[in-house]
Every structure is written in C-alpha cells, then in structure tokens.
>>> print(open('model-v7.txt').read())   # compact mmCIF, C-alpha atoms
# COMPACT_ATOMS: atom_id res chain seq x y z
CA MET A 17 19.60 -41.91 -53.05
CA THR A 18 20.12 -45.68 -52.91
CA THR A 19 18.88 -48.17 -55.44
CA ASN A 20 17.79 -51.71 -54.92
CA PRO A 21 20.40 -54.25 -56.07
CA ASN A 22 19.67 -55.99 -59.33
CA PRO A 23 18.44 -59.50 -58.46
CA ALA A 24 19.76 -60.93 -61.73
CA LEU A 25 23.23 -59.50 -61.05
CA GLN A 26 23.17 -60.81 -57.50
CA GLN A 27 22.22 -64.27 -58.75
CA ALA A 28 24.97 -64.21 -61.38
CA ALA A 29 27.56 -63.10 -58.82
CA SER A 30 26.47 -65.81 -56.40
CA ALA A 31 26.65 -68.46 -59.12
CA ALA A 32 30.09 -67.28 -60.18
CA ALA A 33 31.33 -67.41 -56.60
CA SER A 34 29.95 -70.91 -56.05
CA ASN A 35 31.47 -72.16 -59.31
CA ALA A 36 34.89 -70.57 -58.78
CA PRO A 37 37.59 -73.23 -58.96
CA ARG A 38 39.05 -74.34 -55.67
CA TYR A 39 42.76 -74.79 -55.02
CA ASP A 40 43.57 -78.11 -56.67
CA MET A 41 46.86 -79.82 -55.88
CA TYR A 42 46.03 -82.94 -57.84
CA GLU A 43 45.11 -81.78 -61.34
CA PRO A 44 48.39 -80.28 -62.63
CA ILE A 45 50.75 -82.99 -61.40
CA HIS A 46 48.34 -85.71 -62.46
CA LYS A 47 48.25 -84.30 -65.99
CA GLY A 48 52.02 -84.61 -66.00
CA LEU A 49 51.88 -88.15 -64.63
CA ARG A 50 49.34 -89.25 -67.23
CA SER A 51 51.57 -87.84 -69.97
CA PHE A 52 54.70 -89.49 -68.53
CA MET A 53 52.93 -92.83 -68.13
CA SER A 54 51.35 -92.79 -71.59
CA ASP A 55 54.58 -91.85 -73.35
CA THR A 56 56.57 -94.48 -71.47
CA LEU A 57 54.01 -97.21 -72.10
CA SER A 58 54.08 -96.40 -75.80
CA ARG A 59 57.88 -96.48 -75.86
CA VAL A 60 58.05 -99.82 -74.09
CA GLY A 61 55.51 -101.21 -76.55
CA ARG A 62 57.57 -100.24 -79.60
CA VAL A 63 61.12 -100.71 -78.25
CA ASP A 64 63.64 -102.47 -80.48
CA VAL A 65 64.88 -105.09 -78.06
CA PHE A 66 67.78 -105.97 -80.36
CA ASP A 67 69.11 -102.40 -80.38
CA ASN A 68 70.97 -101.97 -77.10
CA VAL A 69 70.90 -98.17 -77.35
CA ASP A 70 67.13 -98.01 -77.92
CA LEU A 71 66.51 -100.59 -75.22
CA ALA A 72 68.68 -98.79 -72.68
CA ARG A 73 67.09 -95.42 -73.50
CA THR A 74 63.58 -96.86 -73.14
CA LEU A 75 64.27 -98.66 -69.89
CA THR A 76 66.01 -95.58 -68.48
CA GLN A 77 62.81 -93.63 -69.09
CA LEU A 78 60.75 -96.42 -67.54
CA GLU A 79 62.89 -96.44 -64.41
CA ALA A 80 62.70 -92.64 -64.24
CA LEU A 81 58.91 -92.97 -64.33
CA LEU A 82 58.93 -95.59 -61.58
CA SER A 83 61.13 -93.38 -59.40
CA PHE A 84 58.85 -90.42 -60.11
CA CYS A 85 55.80 -92.46 -59.10
CA ALA A 86 57.40 -93.65 -55.86
CA LYS A 87 58.29 -90.09 -54.86
CA HIS A 88 54.81 -88.90 -55.81
CA ILE A 89 53.30 -91.53 -53.51
CA THR A 90 55.49 -90.32 -50.65
CA HIS A 91 54.43 -86.71 -51.22
CA GLU A 92 50.75 -87.62 -51.26
CA ASN A 93 51.06 -89.82 -48.17
CA ASP A 94 53.00 -87.25 -46.19
CA PHE A 95 51.02 -84.16 -47.11
CA LEU A 96 47.63 -84.77 -48.75
CA HIS A 97 46.59 -87.98 -47.07
CA THR A 98 47.84 -86.69 -43.74
CA ALA A 99 45.82 -83.50 -44.16
CA ILE A 100 42.67 -85.46 -44.95
CA GLN A 101 43.14 -87.86 -42.04
CA VAL A 102 43.61 -85.01 -39.55
CA ARG A 103 40.14 -83.61 -40.19
CA LEU A 104 38.35 -86.63 -41.67
CA PRO A 105 39.66 -89.87 -40.16
CA GLU A 106 39.72 -92.67 -42.72
CA GLY A 107 38.87 -90.12 -45.41
CA ALA A 108 41.83 -91.21 -47.53
CA ALA A 109 41.68 -94.90 -46.65
CA ARG A 110 40.95 -96.08 -50.18
CA THR A 111 43.78 -94.23 -51.88
CA SER A 112 46.18 -95.01 -49.03
CA GLU A 113 45.52 -98.70 -49.57
CA ASP A 114 46.02 -98.24 -53.32
CA HIS A 115 49.46 -96.78 -52.64
CA PHE A 116 50.65 -99.98 -50.98
CA GLY A 117 49.71 -101.91 -54.10
CA HIS A 118 51.37 -99.34 -56.35
CA LEU A 119 54.65 -99.58 -54.46
CA HIS A 120 54.58 -103.37 -54.85
CA SER A 121 53.96 -102.95 -58.59
CA ILE A 122 56.78 -100.42 -58.89
CA ASN A 123 59.25 -102.85 -57.34
CA ALA A 124 58.05 -105.67 -59.61
CA LEU A 125 58.31 -103.52 -62.75
CA TRP A 126 61.78 -102.39 -61.73
CA GLY A 127 62.85 -106.02 -61.46
CA GLU A 128 61.36 -106.84 -64.86
CA SER A 129 63.16 -103.87 -66.41
CA ARG A 130 66.52 -105.03 -65.06
CA ALA A 131 65.84 -108.59 -66.16
CA LEU A 132 65.07 -107.43 -69.71
CA MET A 133 68.22 -105.34 -69.92
CA ALA A 134 70.36 -108.26 -68.77
CA ALA A 135 68.67 -110.90 -70.95
CA GLY A 136 70.12 -112.47 -74.06
CA ASN A 137 68.55 -111.86 -77.46
CA ASP A 138 66.61 -115.12 -77.37
CA GLU A 139 64.71 -114.00 -74.23
CA ARG A 140 64.16 -110.32 -74.92
CA MET A 141 60.99 -110.48 -77.02
CA ALA A 142 59.08 -112.45 -74.39
CA LEU A 143 60.38 -110.39 -71.48
CA ALA A 144 59.58 -107.11 -73.26
CA LEU A 145 56.01 -108.23 -73.92
CA ARG A 146 55.59 -109.26 -70.27
CA LEU A 147 56.93 -105.90 -69.12
CA TYR A 148 54.67 -104.02 -71.54
CA ARG A 149 51.54 -105.82 -70.35
CA HIS A 150 52.35 -105.38 -66.66
CA LEU A 151 53.17 -101.70 -67.20
CA ALA A 152 49.84 -101.29 -69.01
CA LEU A 153 48.02 -102.71 -65.98
CA PHE A 154 49.97 -100.37 -63.68
CA VAL A 155 49.05 -97.38 -65.82
CA ALA A 156 45.39 -98.42 -65.95
CA GLU A 157 45.24 -98.79 -62.17
CA ASN A 158 46.87 -95.41 -61.70
CA PHE A 159 44.47 -93.68 -64.07
CA GLN A 160 41.54 -94.97 -62.02
CA HIS A 161 43.33 -94.10 -58.78
CA MET A 162 44.01 -90.53 -59.88
CA HIS A 163 40.34 -90.07 -60.74
CA VAL A 164 39.39 -91.01 -57.17
CA GLU A 165 41.95 -88.58 -55.77
CA GLU A 166 40.75 -85.75 -58.02
CA THR A 167 37.12 -86.31 -57.04
CA ALA A 168 36.70 -87.93 -53.61
CA ASN A 169 39.97 -86.74 -52.05
CA ASN A 170 39.57 -83.23 -53.39
CA ALA A 171 36.02 -83.13 -52.05
CA ALA A 172 37.35 -84.04 -48.60
CA LEU A 173 40.08 -81.40 -48.76
CA TRP A 174 37.73 -78.69 -50.01
CA ALA A 175 35.17 -79.49 -47.32
CA HIS A 176 37.67 -79.20 -44.47
CA TYR A 177 40.32 -76.70 -45.63
CA SER A 178 40.33 -73.18 -47.02
CA ASP A 179 42.22 -72.43 -50.22
CA ALA A 180 44.83 -70.58 -48.17
CA GLU A 181 45.39 -73.67 -46.02
CA LEU A 182 45.63 -75.88 -49.10
CA ALA A 183 48.15 -73.51 -50.69
CA ASP A 184 50.26 -73.68 -47.54
CA ILE A 185 50.20 -77.50 -47.62
CA HIS A 186 51.25 -77.43 -51.26
CA HIS A 187 54.08 -74.98 -50.63
CA ARG A 188 55.41 -77.18 -47.83
CA LEU A 189 55.25 -80.18 -50.15
CA LEU A 190 57.14 -78.33 -52.91
CA ALA A 191 59.85 -77.36 -50.42
CA THR A 192 60.76 -81.06 -50.15
CA VAL A 193 61.31 -81.47 -53.92
CA GLY A 194 64.94 -81.16 -54.99
CA PRO A 195 66.04 -79.13 -58.04
CA ALA A 196 66.62 -82.12 -60.34
CA ASP A 197 63.27 -83.67 -59.43
CA MET A 198 61.54 -80.33 -59.95
CA MET A 199 62.98 -80.04 -63.45
CA GLU A 200 61.61 -83.48 -64.27
CA VAL A 201 58.22 -82.42 -62.94
CA MET A 202 58.30 -79.32 -65.14
CA ARG A 203 59.35 -81.33 -68.21
CA TRP A 204 56.27 -83.57 -68.00
CA MET A 205 53.72 -81.35 -66.29
CA VAL A 206 53.99 -78.03 -68.14
CA PRO A 207 53.48 -79.43 -71.67
CA ALA A 208 50.51 -81.47 -70.37
CA LEU A 209 48.69 -78.40 -69.02
CA SER A 210 46.10 -76.36 -70.90
CA PRO A 211 47.40 -73.09 -72.39
CA VAL A 212 45.79 -71.05 -69.59
CA GLN A 213 47.22 -73.28 -66.87
CA ARG A 214 50.64 -73.31 -68.54
CA ALA A 215 50.80 -69.54 -68.86
CA GLY A 216 49.57 -69.00 -65.30
CA LEU A 217 52.13 -71.36 -63.80
CA LEU A 218 55.08 -69.88 -65.70
CA ALA A 219 53.95 -66.29 -65.19
CA ASP A 220 53.96 -66.92 -61.42
CA MET A 221 57.37 -68.58 -61.69
CA LYS A 222 58.73 -65.67 -63.71
CA GLN A 223 57.73 -63.32 -60.88
CA GLY A 224 58.86 -65.45 -57.96
CA ALA A 225 61.76 -67.66 -59.04
CA PRO A 226 65.38 -66.67 -59.71
CA ALA A 227 65.94 -65.77 -63.37
CA ALA A 228 68.36 -68.67 -63.85
CA VAL A 229 65.79 -71.17 -62.58
CA PHE A 230 63.06 -69.71 -64.77
CA ASP A 231 65.33 -69.84 -67.84
CA ALA A 232 66.25 -73.45 -67.06
CA VAL A 233 62.56 -74.39 -66.89
CA LEU A 234 61.95 -72.79 -70.28
CA GLU A 235 64.83 -74.82 -71.73
CA VAL A 236 63.34 -78.02 -70.34
CA VAL A 237 59.80 -77.25 -71.50
CA ARG A 238 60.23 -75.69 -74.94
CA PRO A 239 61.33 -78.82 -76.85
CA HIS A 240 58.06 -80.49 -75.86
CA LEU A 241 55.75 -77.74 -77.18
CA ASP A 242 54.92 -77.31 -80.84
CA ILE A 243 55.47 -73.96 -82.57
CA ALA A 244 51.91 -72.72 -81.99
CA GLU A 245 51.96 -73.71 -78.31
CA TRP A 246 55.33 -72.08 -77.71
CA THR A 247 54.36 -68.86 -79.55
CA GLN A 248 51.17 -68.59 -77.53
CA LEU A 249 53.03 -69.20 -74.27
CA ALA A 250 55.87 -66.78 -75.03
CA ARG A 251 53.38 -64.00 -75.75
CA ALA A 252 51.32 -64.77 -72.66
CA ILE A 253 54.28 -64.64 -70.24
CA GLY A 254 56.17 -61.87 -72.01
CA VAL A 255 59.35 -63.63 -73.11
CA PRO A 256 61.05 -63.53 -76.52
CA GLN A 257 60.15 -66.39 -78.80
CA GLN A 258 63.87 -67.26 -78.86
CA ALA A 259 63.84 -67.83 -75.09
CA GLY A 260 64.29 -71.40 -73.98
CA LEU A 261 66.68 -72.29 -76.78
CA VAL A 262 69.76 -74.13 -75.61
CA ASN A 263 72.95 -72.39 -76.70
CA PHE A 264 75.34 -75.05 -77.97
CA ALA A 265 78.07 -72.55 -78.98
>>> encode(input="model-v7.txt", output="structure tokens")
Amino acid sequence: MTTNPNPALQQAASAAASNAPRYDMYEPIHKGLRSFMSDTLSRVGRVDVFDNVDLARTLTQLEALLSFCAKHITHENDFLHTAIQVRLPEGAARTSEDHFGHLHSINALWGESRALMAAGNDERMALALRLYRHLALFVAENFQHMHVEETANNAALWAHYSDAELADIHHRLLATVGPADMMEVMRWMVPALSPVQRAGLLADMKQGAPAAVFDAVLEVVRPHLDIAEWTQLARAIGVPQQAGLVNFA
C-alpha cells in the first residue's frame, strides 16, 4: 500500500534544496584578503618610522599584500571574469574595470612604500601618513569591490554554471598557484574562516593532500588561532592538539 507524501515535508525539502549554498569561489579568499588588508592597514598606521626594523617589517608585509592583490586580480581576470564573459558578455564589465584601477593603485602604493623606506628621518612621518591614507582608500575601494563580486558576479556564475563546472574552474585556478603563494593564502584565509568553513577546508586537505603539505599548512595556520579556535579545529579534523607546533630542536 502506498501513502500520499506529506505536503509539509515536501515543502520543507523543497525549501532546503532552494536555500542550499552554491559553490562560492569568492567568499573564502575574500575573507582572507579582508583580514590581510585590515591587519596591514593597522600596522602601517602604527609603525614606528624611526625604528628601521619595525619599518622594514611593516613595509615588507605591505609589499607582500600588494603582490598578493596583483596575483589575485590575475586569477580573477583569467578564470572568473573569463567564465562570466563566455556565457554573459559584459557580465563582469564593472569589476574588470575596477581591476585596472586597482593595479594602478598597487603600483602607486609600491612606489610610496619604497620612498618611505629610503627617506631620511625628517621626511618619514609625512610619507608614512600619506602612505597610510592612500592604503586606507585602496582597502575601502577593495571592500566595496569584493561585495560586488560576491553578489553580482556570483549571481552571474550561479545562473550560467553548475556547481560541478564552478568547482572545475576553481581547481584549474588553484593549479596555477605555486607552493609558496599557497602557504601565504592559507596563512591569511584559514584563520579568517568560520569554524565550520575552517574545519571543512582542512578536513578535505587532510584527505587529499600529501601529509607533509598538510602538516606545513597546520604550522602556518596554528599561530594565528587562539587556544579555543585551535582546540575546536583539532578535534573537528582529528589531529592531536600538539599538531602544527614547529619543532625548534
């Protein structure tokens, strides 16, 4: 004997299916970028310009951020914008135009960083303040830009690609990222993720990556998690709480 399906259950299942998250290439890396940008802006704002070690360390991080941003733009242009344009011509026009402006800003900030490092003590305060203000504008523009990508660009991708196709695009993008760059991505992105996202990413990596690579990622990530975050993560992915500690012996 058959029974009629429960309408309430059918409605709940349909709602769950329609609300299921789509494959999102933007959110995780953008969380990392926001963290990297915010931390760097704060460091530039409080740098001791008369301490050569502090100044060099701060400007090294700034230039690492600028390099990171330039590579990120290339990845988005080559893979995400290209994918959108193939099936929705001009669909990524706004963010593509933004990228030209961002590259100009990156070059200008790089020049200001080098000028500050080379300046005498009598010029450093003024040059540091100029750099800080221009970096703040760059960060503000990027925060707005990333919102457009996460909403309008994602809507275009989700309307014209399946999750399997999006995953394939993402995997091809990741294949172009070198080991050193990937470690930098992990350092900023993983701590910026929610606990569920963090555990899911590292659980997948634990299953699919060589053990040495996985261990190296834990070493990079652990110093940037507090005790509670690390304990929660270690339990979720099934590693000892001592994992990720650098052995200096």
>>> residues_around(input="model-v7.txt", residues="segment 34-49 of chain A", least_positions_apart="5", cutoff="7 Å", atoms="all atoms listed in the file", output="MDAnalysis selection string")
chainID A and resid 162 166 179 182 186 204:205 208:209
>>> closest_residue(input="model-v7.txt", among="A:Ala225, A:Leu82, A:Leu145, A:Ala135", to="Leu119 of chain A", atoms="all atoms listed in the file")
A:Leu82
>>> closest_residue(input="model-v7.txt", among="A:Ala219, A:Ala144, A:Leu173, A:Ala252", to="Leu104 of chain A", atoms="all atoms listed in the file")
A:Leu173
>>> closest_residue(input="model-v7.txt", among="A:Ala215, A:Ala180, A:Ala168, A:Ala259", to="Glu235 of chain A", atoms="all atoms listed in the file")
A:Ala259
>>> closest_residue(input="model-v7.txt", among="A:Val65, A:Ala134, A:Leu151, A:Ala99", to="Leu81 of chain A", atoms="all atoms listed in the file")
A:Leu151
>>> residues_near_point(input="model-v7.txt", point="(46.2, -88.6, -52.5)", cutoff="10 Å", atoms="all atoms listed in the file", output="ChimeraX atom specification")
/A:41-42,88-100,108-112,114-115,161-162,164-166,168-170
>>> write_last_selection(input="model-v7.txt", atoms="C-alpha atoms", output="PDB file, in the coordinates of the input")
ATOM      1  CA  MET A  41      46.860 -79.820 -55.880  1.00  0.00           C
ATOM      2  CA  TYR A  42      46.030 -82.940 -57.840  1.00  0.00           C
ATOM      3  CA  HIS A  88      54.810 -88.900 -55.810  1.00  0.00           C
ATOM      4  CA  ILE A  89      53.300 -91.530 -53.510  1.00  0.00           C
ATOM      5  CA  THR A  90      55.490 -90.320 -50.650  1.00  0.00           C
ATOM      6  CA  HIS A  91      54.430 -86.710 -51.220  1.00  0.00           C
ATOM      7  CA  GLU A  92      50.750 -87.620 -51.260  1.00  0.00           C
ATOM      8  CA  ASN A  93      51.060 -89.820 -48.170  1.00  0.00           C
ATOM      9  CA  ASP A  94      53.000 -87.250 -46.190  1.00  0.00           C
ATOM     10  CA  PHE A  95      51.020 -84.160 -47.110  1.00  0.00           C
ATOM     11  CA  LEU A  96      47.630 -84.770 -48.750  1.00  0.00           C
ATOM     12  CA  HIS A  97      46.590 -87.980 -47.070  1.00  0.00           C
ATOM     13  CA  THR A  98      47.840 -86.690 -43.740  1.00  0.00           C
ATOM     14  CA  ALA A  99      45.820 -83.500 -44.160  1.00  0.00           C
ATOM     15  CA  ILE A 100      42.670 -85.460 -44.950  1.00  0.00           C
ATOM     16  CA  ALA A 108      41.830 -91.210 -47.530  1.00  0.00           C
ATOM     17  CA  ALA A 109      41.680 -94.900 -46.650  1.00  0.00           C
ATOM     18  CA  ARG A 110      40.950 -96.080 -50.180  1.00  0.00           C
ATOM     19  CA  THR A 111      43.780 -94.230 -51.880  1.00  0.00           C
ATOM     20  CA  SER A 112      46.180 -95.010 -49.030  1.00  0.00           C
ATOM     21  CA  ASP A 114      46.020 -98.240 -53.320  1.00  0.00           C
ATOM     22  CA  HIS A 115      49.460 -96.780 -52.640  1.00  0.00           C
ATOM     23  CA  HIS A 161      43.330 -94.100 -58.780  1.00  0.00           C
ATOM     24  CA  MET A 162      44.010 -90.530 -59.880  1.00  0.00           C
ATOM     25  CA  VAL A 164      39.390 -91.010 -57.170  1.00  0.00           C
ATOM     26  CA  GLU A 165      41.950 -88.580 -55.770  1.00  0.00           C
ATOM     27  CA  GLU A 166      40.750 -85.750 -58.020  1.00  0.00           C
ATOM     28  CA  ALA A 168      36.700 -87.930 -53.610  1.00  0.00           C
ATOM     29  CA  ASN A 169      39.970 -86.740 -52.050  1.00  0.00           C
ATOM     30  CA  ASN A 170      39.570 -83.230 -53.390  1.00  0.00           C
TER      31      ASN A 170
END
>>> closest_residue(input="model-v7.txt", among="A:Leu132, A:Ala172, A:Met199, A:Ile122", to="Thr74 of chain A", atoms="all atoms listed in the file")
A:Leu132
>>> closest_residue(input="model-v7.txt", among="A:Ser178, A:Ala244, A:Ala131, A:Gly117", to="Glu157 of chain A", atoms="only C-alpha atoms")
A:Gly117
>>> atom_distance(input="model-v7.txt", atom1="atom CA of His176 of chain A", atom2="atom CA of Arg103 of chain A")
6.6 Å
>>> atom_distance(input="model-v7.txt", atom1="atom CA of Glu128 of chain A", atom2="atom CA of Arg203 of chain A")
25.8 Å
>>> residues_around(input="model-v7.txt", residues="Arg62 of chain A", least_positions_apart="3", cutoff="12 Å", atoms="all atoms listed in the file", output="CSV table (one decimal) with C-alpha atoms, keeping the file's coordinate frame")
chain,number,residue,atom,x,y,z
A,55,ASP,CA,54.6,-91.8,-73.4
A,56,THR,CA,56.6,-94.5,-71.5
A,57,LEU,CA,54.0,-97.2,-72.1
A,58,SER,CA,54.1,-96.4,-75.8
A,59,ARG,CA,57.9,-96.5,-75.9
A,65,VAL,CA,64.9,-105.1,-78.1
A,66,PHE,CA,67.8,-106.0,-80.4
A,67,ASP,CA,69.1,-102.4,-80.4
A,70,ASP,CA,67.1,-98.0,-77.9
A,71,LEU,CA,66.5,-100.6,-75.2
A,74,THR,CA,63.6,-96.9,-73.1
A,75,LEU,CA,64.3,-98.7,-69.9
A,141,MET,CA,61.0,-110.5,-77.0
A,144,ALA,CA,59.6,-107.1,-73.3
A,145,LEU,CA,56.0,-108.2,-73.9
A,147,LEU,CA,56.9,-105.9,-69.1
A,148,TYR,CA,54.7,-104.0,-71.5
>>> atom_distance(input="model-v7.txt", atom1="atom CA of Lys222 of chain A", atom2="atom CA of Gln257 of chain A")
15.2 Å
>>> build_atoms(input="model-v7.txt", residues="segment 86-100 of chain A", atoms="N, CA and C atoms", output="PDB file, in the frame of the given file")
ATOM      1  N   ALA A  86      57.136 -93.348 -57.267  1.00  0.00           N
ATOM      2  CA  ALA A  86      57.400 -93.650 -55.860  1.00  0.00           C
ATOM      3  C   ALA A  86      57.504 -92.378 -55.030  1.00  0.00           C
ATOM      4  N   LYS A  87      58.175 -91.370 -55.571  1.00  0.00           N
ATOM      5  CA  LYS A  87      58.290 -90.090 -54.860  1.00  0.00           C
ATOM      6  C   LYS A  87      56.933 -89.405 -54.763  1.00  0.00           C
ATOM      7  N   HIS A  88      56.147 -89.500 -55.810  1.00  0.00           N
ATOM      8  CA  HIS A  88      54.810 -88.900 -55.810  1.00  0.00           C
ATOM      9  C   HIS A  88      53.945 -89.534 -54.718  1.00  0.00           C
ATOM     10  N   ILE A  89      54.043 -90.841 -54.568  1.00  0.00           N
ATOM     11  CA  ILE A  89      53.300 -91.530 -53.510  1.00  0.00           C
ATOM     12  C   ILE A  89      53.707 -91.006 -52.141  1.00  0.00           C
ATOM     13  N   THR A  90      55.015 -90.843 -51.932  1.00  0.00           N
ATOM     14  CA  THR A  90      55.490 -90.320 -50.650  1.00  0.00           C
ATOM     15  C   THR A  90      54.935 -88.925 -50.386  1.00  0.00           C
ATOM     16  N   HIS A  91      54.950 -88.070 -51.394  1.00  0.00           N
ATOM     17  CA  HIS A  91      54.430 -86.710 -51.220  1.00  0.00           C
ATOM     18  C   HIS A  91      52.942 -86.732 -50.858  1.00  0.00           C
ATOM     19  N   GLU A  92      52.182 -87.563 -51.554  1.00  0.00           N
ATOM     20  CA  GLU A  92      50.750 -87.620 -51.260  1.00  0.00           C
ATOM     21  C   GLU A  92      50.495 -88.196 -49.869  1.00  0.00           C
ATOM     22  N   ASN A  93      51.234 -89.230 -49.510  1.00  0.00           N
ATOM     23  CA  ASN A  93      51.060 -89.820 -48.170  1.00  0.00           C
ATOM     24  C   ASN A  93      51.390 -88.809 -47.079  1.00  0.00           C
ATOM     25  N   ASP A  94      52.508 -88.115 -47.248  1.00  0.00           N
ATOM     26  CA  ASP A  94      53.000 -87.250 -46.190  1.00  0.00           C
ATOM     27  C   ASP A  94      52.221 -85.949 -46.054  1.00  0.00           C
ATOM     28  N   PHE A  95      51.661 -85.467 -47.144  1.00  0.00           N
ATOM     29  CA  PHE A  95      51.020 -84.160 -47.110  1.00  0.00           C
ATOM     30  C   PHE A  95      49.513 -84.222 -47.356  1.00  0.00           C
ATOM     31  N   LEU A  96      49.063 -84.802 -48.443  1.00  0.00           N
ATOM     32  CA  LEU A  96      47.630 -84.770 -48.750  1.00  0.00           C
ATOM     33  C   LEU A  96      46.839 -85.767 -47.918  1.00  0.00           C
ATOM     34  N   HIS A  97      47.313 -87.011 -47.876  1.00  0.00           N
ATOM     35  CA  HIS A  97      46.590 -87.980 -47.070  1.00  0.00           C
ATOM     36  C   HIS A  97      46.617 -87.613 -45.591  1.00  0.00           C
ATOM     37  N   THR A  98      47.749 -87.117 -45.139  1.00  0.00           N
ATOM     38  CA  THR A  98      47.840 -86.690 -43.740  1.00  0.00           C
ATOM     39  C   THR A  98      46.855 -85.569 -43.439  1.00  0.00           C
ATOM     40  N   ALA A  99      46.763 -84.619 -44.351  1.00  0.00           N
ATOM     41  CA  ALA A  99      45.820 -83.500 -44.160  1.00  0.00           C
ATOM     42  C   ALA A  99      44.386 -83.995 -44.091  1.00  0.00           C
ATOM     43  N   ILE A 100      44.038 -84.923 -44.962  1.00  0.00           N
ATOM     44  CA  ILE A 100      42.670 -85.460 -44.950  1.00  0.00           C
ATOM     45  C   ILE A 100      42.412 -86.202 -43.645  1.00  0.00           C
TER      46      ILE A 100
END
